[in-house]
Structure formats: structure tokens, C-alpha cells
Amino acid sequence: DGPPSSVTIDVAPADQITIPTPAAICVGDSAHLTASGSSNYSWTTSNGTPVGTGASIWVHPAATTTYIVNSGTNGNGCPGTQSVQVVVNQPTNVVTDANITVCDQAVAVQLNMSPSGGTWSDADLVNLNAATGVITPIPTAQGTDTLYYTFVNANNCTSTAQTIVTINNEVAAVAGPDVLKCEGDPVFNLGGAPAGGTWTGNITSFNPSTAGVFN
């Protein structure tokens, strides 16, 4: 065998690219990515999908995504590379009544919403407690009011749902004319309009078995 031989391997440094980690975003928002430490940047997702070029780009991920930036070669002929993750938070699913119908009388009604802790807005035909979701119709104010419930979760992501409130004219109840009966007369049915109402005591007829005035 001949004498041993050696080889020198010189490993040239690549550019050290720096990418500040952006703040977490919500679905529908954008994140700003910036790279420094090299030049001729090219950005892709972790699966290789191109998303832009240059030192600064905006991205709009629908879910948490890792982005990779590669640079051009430096004086040593070595490219740089770096990655950064953009965290995407989801909004909370908000549920409210789709539609409710009330009368134009000042009777408080509680709107349903889940989760609680949000804020109601945009009332025109009803008085609205924005924090509790209690509405009180305004007498003579009739029509359709679209109310919005907005909820911001712990990740500062906003969700909105709506409830359509239909305010109808209050229908006056008419008991009918006063009636004179004799003690001991047969039981008679009570009338009233419109049909479908209820009498005090949930009765539908009256027995004049005792003299007196009843109302």
C-alpha cells in the first residue's frame, strides 16, 4: 500500500436569516413576515407551496401554518434558510335565536345567546340592554329589528350572530258587554275576542249560583 493521503474539507457558512415570530392571529386576519440577514428571499409553506418573494410578505393562513424562507447564495455560494410558524386561533361558535316575535308593548323579553358574556347592539325599535340581552319593545313601534350579538374569546377572536325581532301591533282584548243574570240561572259560557285568550282563573264559563258582582 502507498502512503496515506488527506483531504481538507472547508465548510463555508450560510447566511443566518432572522424572522421575528409574529403574534398569533384569528381566522380571516393577516400576518406580516419579515426576513433579514441575507437577500433574494423566496417564501413557501412547509409543503412547498410558494407564497411570495422579498424580505417582507403578508400571509393569510386559515389554520396554523409553518413558512420557510430561502435566500440567494452569499459570497461563499451558500444559500440561507429559516422557518417561522404563524399560529391561527379559531373564533368561538356563537348561537342566538334566529327569529322571535313580540308585541309593541313595554314587556321585557330575554334574548337567548350562547356563550354568555358578549354584547348586543343595533336596536332601533326596542330598548336593548347590551350586556344582558333583555329587550323591551317600544309601544307603537312596529316592524323588524335586526340585533347583533358579538362575542370576543380569550384569544381575542370575534364572533357575531344575529337575531331578527319582529314587533307586531298589540291586539286589544275585548271581554264583551256586562251581563246581568239572576241567582240560580244556568251556567253560561264566557265569550271574548279575539278567540284564543284566557280568562282570570283559567275559566271558560260562569255559574251564577250566588248573588253579587263579579269581574
# chains A, B, ... in the order shown; residues from 1 in each chain; ligands from 1

call {"tool": "residues_around", "arguments": {"residues": "Asn112 (chain A)", "least_positions_apart": "4", "cutoff": "10 Å", "atoms": "only C-alpha atoms", "output": "CSV table (one decimal) with N, CA and C atoms, in the first residue's frame"}}
result
chain,number,residue,atom,x,y,z
A,95,VAL,N,-74.2,31.1,19.2
A,95,VAL,CA,-75.6,30.7,18.9
A,95,VAL,C,-76.6,31.7,19.5
A,96,THR,N,-77.5,32.2,18.7
A,96,THR,CA,-78.6,33.0,19.2
A,96,THR,C,-79.9,32.5,18.5
A,97,ASP,N,-81.1,33.1,19.0
A,97,ASP,CA,-82.3,32.8,18.3
A,97,ASP,C,-82.3,33.4,16.9
A,98,ALA,N,-82.7,32.7,15.9
A,98,ALA,CA,-82.7,33.3,14.5
A,98,ALA,C,-83.8,34.3,14.4
A,116,SER,N,-72.5,33.1,27.0
A,116,SER,CA,-72.8,34.5,27.5
A,116,SER,C,-71.5,35.3,27.6
A,132,THR,N,-77.0,42.3,28.9
A,132,THR,CA,-77.9,41.1,29.3
A,132,THR,C,-78.7,40.5,28.2
A,133,GLY,N,-78.9,41.3,27.1
A,133,GLY,CA,-79.7,40.8,26.0
A,133,GLY,C,-81.2,40.9,26.3
A,134,VAL,N,-81.6,41.8,27.3
A,134,VAL,CA,-83.0,41.9,27.5
A,134,VAL,C,-83.6,43.1,26.7
A,163,THR,N,-80.1,38.1,15.6
A,163,THR,CA,-81.5,37.7,15.9
A,163,THR,C,-82.4,38.8,15.3

call {"tool": "select_by_dssp", "arguments": {"residues": "region 3-185 of chain A", "states": "strand (DSSP E)", "output": "MDAnalysis selection string"}}
result
chainID A and resid 25:26 31:34 42:45 50:53 56:59 65:73 79:86 88:89 95:96 99:103 109:110 113:114 119:121 126:128 134:137 143:152 158:168

call {"tool": "residues_around", "arguments": {"residues": "region 38-50 of chain A", "least_positions_apart": "3", "cutoff": "10 Å", "atoms": "only C-alpha atoms", "output": "PyMOL selection string"}}
result
chain A and resi 14-18+33-35+53-57+65-74+79-85

call {"tool": "closest_residue", "arguments": {"among": "A:Val174, A:Ala131, A:Val88, A:Ala211", "to": "Asn156 (chain A)", "atoms": "only C-alpha atoms"}}
result
A:Val88

call {"tool": "residues_around", "arguments": {"residues": "region 20-30 of chain A", "least_positions_apart": "2", "cutoff": "6 Å", "atoms": "only C-alpha atoms", "output": "list of chain:residue names"}}
result
A:Val59, A:His60, A:Ala62, A:Val87, A:Val88, A:Asn89, A:Gln90, A:Cys157

call {"tool": "closest_residue", "arguments": {"among": "A:Ala123, A:Ala172, A:Ala130, A:Pro137", "to": "Val109 (chain A)", "atoms": "only C-alpha atoms"}}
result
A:Pro137

call {"tool": "atom_distance", "arguments": {"atom1": "CA of Gly75 (chain A)", "atom2": "CA of Gly52 (chain A)"}}
result
23.9 Å
